[in-house]
$ cat target.cif   # mmCIF, C-alpha atoms and all ligand atoms
data_entry
loop_
_atom_site.label_atom_id
_atom_site.label_comp_id
_atom_site.auth_asym_id
_atom_site.auth_seq_id
_atom_site.Cartn_x
_atom_site.Cartn_y
_atom_site.Cartn_z
CA MET E 1275 0.00 0.00 0.00
CA THR E 1276 1.16 3.54 -0.70
CA PHE E 1277 0.24 6.49 1.49
CA ARG E 1278 -0.08 10.24 1.26
CA VAL E 1279 -0.75 12.92 3.85
CA GLY E 1280 -2.58 16.21 3.50
CA GLN E 1281 -3.23 19.15 5.76
CA GLY E 1282 -5.99 21.74 5.70
CA TYR E 1283 -6.58 24.98 7.57
CA ASP E 1284 -9.58 27.29 7.68
CA VAL E 1285 -10.88 30.24 9.67
CA HIS E 1286 -14.36 31.67 9.86
CA GLN E 1287 -15.53 34.85 11.52
CA LEU E 1288 -18.18 34.67 14.25
CA ARG E 1289 -21.27 36.83 14.35
CA GLU E 1290 -24.36 36.91 16.55
CA GLY E 1291 -27.54 35.31 15.29
CA LEU E 1292 -25.95 33.01 12.70
CA PRO E 1293 -26.05 29.19 12.85
CA MET E 1294 -22.94 27.35 14.00
CA TRP E 1295 -22.15 24.09 12.19
CA LEU E 1296 -19.00 22.14 13.06
CA CYS E 1297 -18.15 18.69 11.66
CA GLY E 1298 -21.68 18.41 10.29
CA VAL E 1299 -23.31 18.95 13.69
CA GLN E 1300 -25.29 22.06 14.67
CA VAL E 1301 -23.86 23.59 17.83
CA PRO E 1302 -26.26 25.37 20.20
CA SER E 1303 -24.77 28.86 20.20
CA ALA E 1304 -25.71 32.56 20.23
CA VAL E 1305 -23.00 33.17 17.61
CA GLY E 1306 -22.36 31.43 14.29
CA PHE E 1307 -20.15 31.60 11.21
CA VAL E 1308 -20.10 34.28 8.54
CA ALA E 1309 -19.88 32.30 5.29
CA HIS E 1310 -21.14 31.74 1.76
CA SER E 1311 -21.89 28.08 2.61
CA ASP E 1312 -23.25 26.85 5.97
CA GLY E 1313 -19.85 27.92 7.34
CA ASP E 1314 -18.73 24.53 8.63
CA VAL E 1315 -15.12 25.57 9.05
CA ALA E 1316 -14.10 22.08 10.28
CA ILE E 1317 -15.44 20.34 7.19
CA HIS E 1318 -13.76 22.96 5.01
CA ALA E 1319 -10.38 22.23 6.65
CA LEU E 1320 -10.98 18.48 6.23
CA CYS E 1321 -11.85 18.93 2.54
CA ASP E 1322 -8.65 20.95 2.02
CA ALA E 1323 -6.60 18.24 3.74
CA LEU E 1324 -8.06 15.57 1.43
CA LEU E 1325 -7.51 17.74 -1.65
CA GLY E 1326 -4.01 18.60 -0.43
CA ALA E 1327 -3.06 14.93 -0.14
CA LEU E 1328 -3.74 14.55 -3.87
CA ALA E 1329 -2.52 18.03 -4.91
CA LEU E 1330 -5.99 18.75 -6.30
CA GLY E 1331 -6.08 22.39 -5.28
CA ASP E 1332 -8.38 23.70 -2.57
CA ILE E 1333 -12.03 23.94 -1.66
CA GLY E 1334 -12.31 27.57 -2.82
CA HIS E 1335 -11.08 26.53 -6.27
CA LEU E 1336 -13.44 23.53 -6.45
CA PHE E 1337 -16.53 25.23 -4.98
CA PRO E 1338 -16.16 29.00 -5.62
CA ASP E 1339 -17.92 31.30 -3.16
CA THR E 1340 -18.94 33.45 -6.12
CA SER E 1341 -21.22 30.63 -7.35
CA ASP E 1342 -24.92 30.65 -6.37
CA GLU E 1343 -24.81 26.84 -6.46
CA PHE E 1344 -22.91 26.88 -3.17
CA ALA E 1345 -24.84 29.65 -1.37
CA GLY E 1346 -25.84 28.31 2.06
CA ILE E 1347 -24.86 24.78 0.99
CA ASP E 1348 -24.60 22.00 3.57
CA SER E 1349 -20.83 21.43 3.79
CA LYS E 1350 -21.45 17.67 4.14
CA ILE E 1351 -22.36 17.76 0.44
CA LEU E 1352 -18.98 19.34 -0.33
CA LEU E 1353 -17.18 16.68 1.75
CA ARG E 1354 -19.13 13.92 -0.01
CA ARG E 1355 -18.01 15.35 -3.38
CA VAL E 1356 -14.39 15.58 -2.26
CA MET E 1357 -14.47 11.98 -0.98
CA ALA E 1358 -15.92 10.86 -4.33
CA LEU E 1359 -13.00 12.57 -6.05
CA VAL E 1360 -10.51 10.84 -3.72
CA ARG E 1361 -12.05 7.42 -4.48
CA GLU E 1362 -12.23 8.20 -8.20
CA LYS E 1363 -8.44 8.60 -8.10
CA GLY E 1364 -8.13 5.20 -6.41
CA TRP E 1365 -7.49 6.34 -2.83
CA GLU E 1366 -9.22 5.66 0.50
CA LEU E 1367 -9.20 7.73 3.67
CA VAL E 1368 -7.04 5.98 6.29
CA ASN E 1369 -7.61 8.48 9.11
CA ALA E 1370 -8.25 12.12 9.86
CA ASP E 1371 -7.28 14.25 12.84
CA ILE E 1372 -9.02 17.60 13.35
CA THR E 1373 -8.27 20.31 15.91
CA ILE E 1374 -10.87 23.04 16.47
CA ALA E 1375 -9.80 26.22 18.28
CA LEU E 1376 -12.88 28.01 19.63
CA GLN E 1377 -13.18 30.07 22.80
CA ALA E 1378 -16.93 29.58 23.27
CA PRO E 1379 -19.32 27.81 23.40
CA LYS E 1380 -17.99 24.55 24.81
CA ILE E 1381 -18.21 21.82 22.18
CA ALA E 1382 -16.48 18.84 23.83
CA PHE E 1383 -19.81 17.13 24.54
CA LEU E 1384 -20.56 17.12 20.78
CA VAL E 1385 -17.27 15.47 19.77
CA PRO E 1386 -18.70 11.90 19.64
CA ALA E 1387 -21.56 13.09 17.38
CA MET E 1388 -19.08 15.02 15.20
CA ARG E 1389 -16.84 11.96 14.74
CA GLU E 1390 -19.86 9.81 13.95
CA CYS E 1391 -21.14 12.32 11.40
CA LEU E 1392 -17.83 12.79 9.56
CA ALA E 1393 -17.16 9.05 9.55
CA GLY E 1394 -20.60 8.48 8.02
CA VAL E 1395 -20.04 11.04 5.26
CA CYS E 1396 -16.53 9.72 4.54
CA GLY E 1397 -17.57 6.06 4.68
CA VAL E 1398 -15.04 5.08 7.35
CA SER E 1399 -15.22 3.92 10.97
CA PRO E 1400 -15.51 6.61 13.68
CA ASP E 1401 -12.24 5.13 15.03
CA ALA E 1402 -10.55 6.65 11.99
CA VAL E 1403 -11.81 10.18 12.69
CA SER E 1404 -10.43 12.22 15.57
CA VAL E 1405 -11.93 15.56 16.58
CA LYS E 1406 -10.27 17.66 19.29
CA ALA E 1407 -11.45 20.95 20.70
CA THR E 1408 -9.35 23.57 22.42
CA THR E 1409 -9.60 27.20 23.47
CA THR E 1410 -6.67 29.60 23.04
CA GLU E 1411 -6.72 30.71 26.69
CA ARG E 1412 -8.43 33.97 25.61
CA LEU E 1413 -5.45 34.89 23.39
CA GLY E 1414 -5.71 36.18 19.83
CA PHE E 1415 -8.78 36.46 17.60
CA VAL E 1416 -10.03 33.05 18.71
CA GLY E 1417 -9.63 34.00 22.34
CA ARG E 1418 -11.52 37.25 21.81
CA GLY E 1419 -14.41 35.28 20.33
CA GLU E 1420 -13.98 36.84 16.88
CA GLY E 1421 -13.51 33.60 14.99
CA CYS E 1422 -12.83 29.88 14.91
CA GLU E 1423 -9.70 28.24 13.57
CA VAL E 1424 -9.43 24.62 12.43
CA TRP E 1425 -6.53 22.39 11.39
CA ALA E 1426 -7.07 19.02 9.74
CA ILE E 1427 -4.59 16.31 8.82
CA VAL E 1428 -5.44 13.21 6.80
CA MET E 1429 -3.69 10.10 5.60
CA ILE E 1430 -4.96 8.41 2.48
CA GLY E 1431 -3.89 5.04 1.12
CA ALA E 1432 -3.99 3.15 -2.17
CA LYS E 1433 -3.30 -0.48 -2.94
MG MG E 1501 -14.33 28.02 4.82
#
$ encode --input "target.cif" --output "structure tokens"
Amino acid sequence: MTFRVGQGYDVHQLREGLPMWLCGVQVPSAVGFVAHSDGDVAIHALCDALLGALALGDIGHLFPDTSDEFAGIDSKILLRRVMALVREKGWELVNADITIALQAPKIAFLVPAMRECLAGVCGVSPDAVSVKATTTERLGFVGRGEGCEVWAIVMIGAK
């Protein structure tokens, strides 16, 4: 088997009164993400990691935010499309590791649901999908509650 790794990074701004989606799960929150899509910053980072592993560009290139087709789109649809592309090229997701930096609200209790959701969309076991949440100890734009930052790393394999 041959392997490749990919990494993805995304940031979204927070604003009051908008929905907050992370890893395909809606988070109960007074603030949510400013975005052209549903703003699922974690799925966007994961998509970029998968695309990065195959040097296929990035999510903005594949699904332009200038296109009406993607206005308010459920990011799970984008992830499903990226996974289809990965499989089309003969690769399978081995595992993914995602770190979400968010000051508030607390999301740790949603991590099992997030892993389950991403694993379902990617067609892998939840054991292969790690989601970790951290604050930044009130430092920086994340700490001030202005935005959310996500890093994703994947390994993909082919026979
Ligand atoms: Mg994004």
$ residues_around --input "target.cif" --residues "region 1309-1315 of chain E" --least-positions-apart "3" --cutoff "10 Å" --atoms "only C-alpha atoms" --output "ChimeraX atom specification"
/E:1283-1288,1292-1300,1306,1318-1321,1337-1350,1352,1374,1422-1425
$ closest_residue --input "target.cif" --among "E:Gln1281, E:Ser1303, E:Thr1373, E:Thr1276" --to "Ala1316 (chain E)" --atoms "all atoms listed in the file"
E:Thr1373
$ closest_residue --input "target.cif" --among "E:Arg1412, E:His1335, E:Lys1433, E:Arg1354" --to "Leu1392 (chain E)" --atoms "only C-alpha atoms"
E:Arg1354
$ atom_distance --input "target.cif" --atom1 "CA of Gly1431 (chain E)" --atom2 "CA of Ala1375 (chain E)"
27.9 Å
$ closest_residue --input "target.cif" --among "E:Pro1379, E:Gly1421, E:Gly1331, E:Gly1291" --to "Val1356 (chain E)" --atoms "only C-alpha atoms"
E:Gly1331
$ closest_residue --input "target.cif" --among "E:Gly1334, E:Gly1397, E:Pro1302, E:Gly1326" --to "ligand MG 1501 (chain E)" --atoms "all atoms listed in the file"
E:Gly1334
$ atom_distance --input "target.cif" --atom1 "CA of Cys1391 (chain E)" --atom2 "CA of Val1305 (chain E)"
21.8 Å
$ closest_residue --input "target.cif" --among "E:Leu1324, E:Leu1353, E:Ile1317, E:Ile1372" --to "ligand MG 1501 (chain E)" --atoms "all atoms listed in the file"
E:Ile1317
$ atom_distance --input "target.cif" --atom1 "CA of Val1395 (chain E)" --atom2 "CA of Arg1361 (chain E)"
13.1 Å
$ residues_around --input "target.cif" --residues "Lys1363 (chain E)" --least-positions-apart "3" --cutoff "12 Å" --atoms "only C-alpha atoms" --output "PyMOL selection string"
chain E and resi 1324-1325+1327-1330+1356-1360+1366-1367+1430-1433
$ closest_residue --input "target.cif" --among "E:Asp1401, E:Glu1420, E:Glu1362, E:Asp1332" --to "ligand MG 1501 (chain E)" --atoms "all atoms listed in the file"
E:Asp1332
$ residues_around --input "target.cif" --residues "Arg1389 (chain E)" --least-positions-apart "3" --cutoff "8 Å" --atoms "all atoms listed in the file" --output "ChimeraX atom specification"
/E:1297,1385-1386,1392-1393,1400,1403-1405
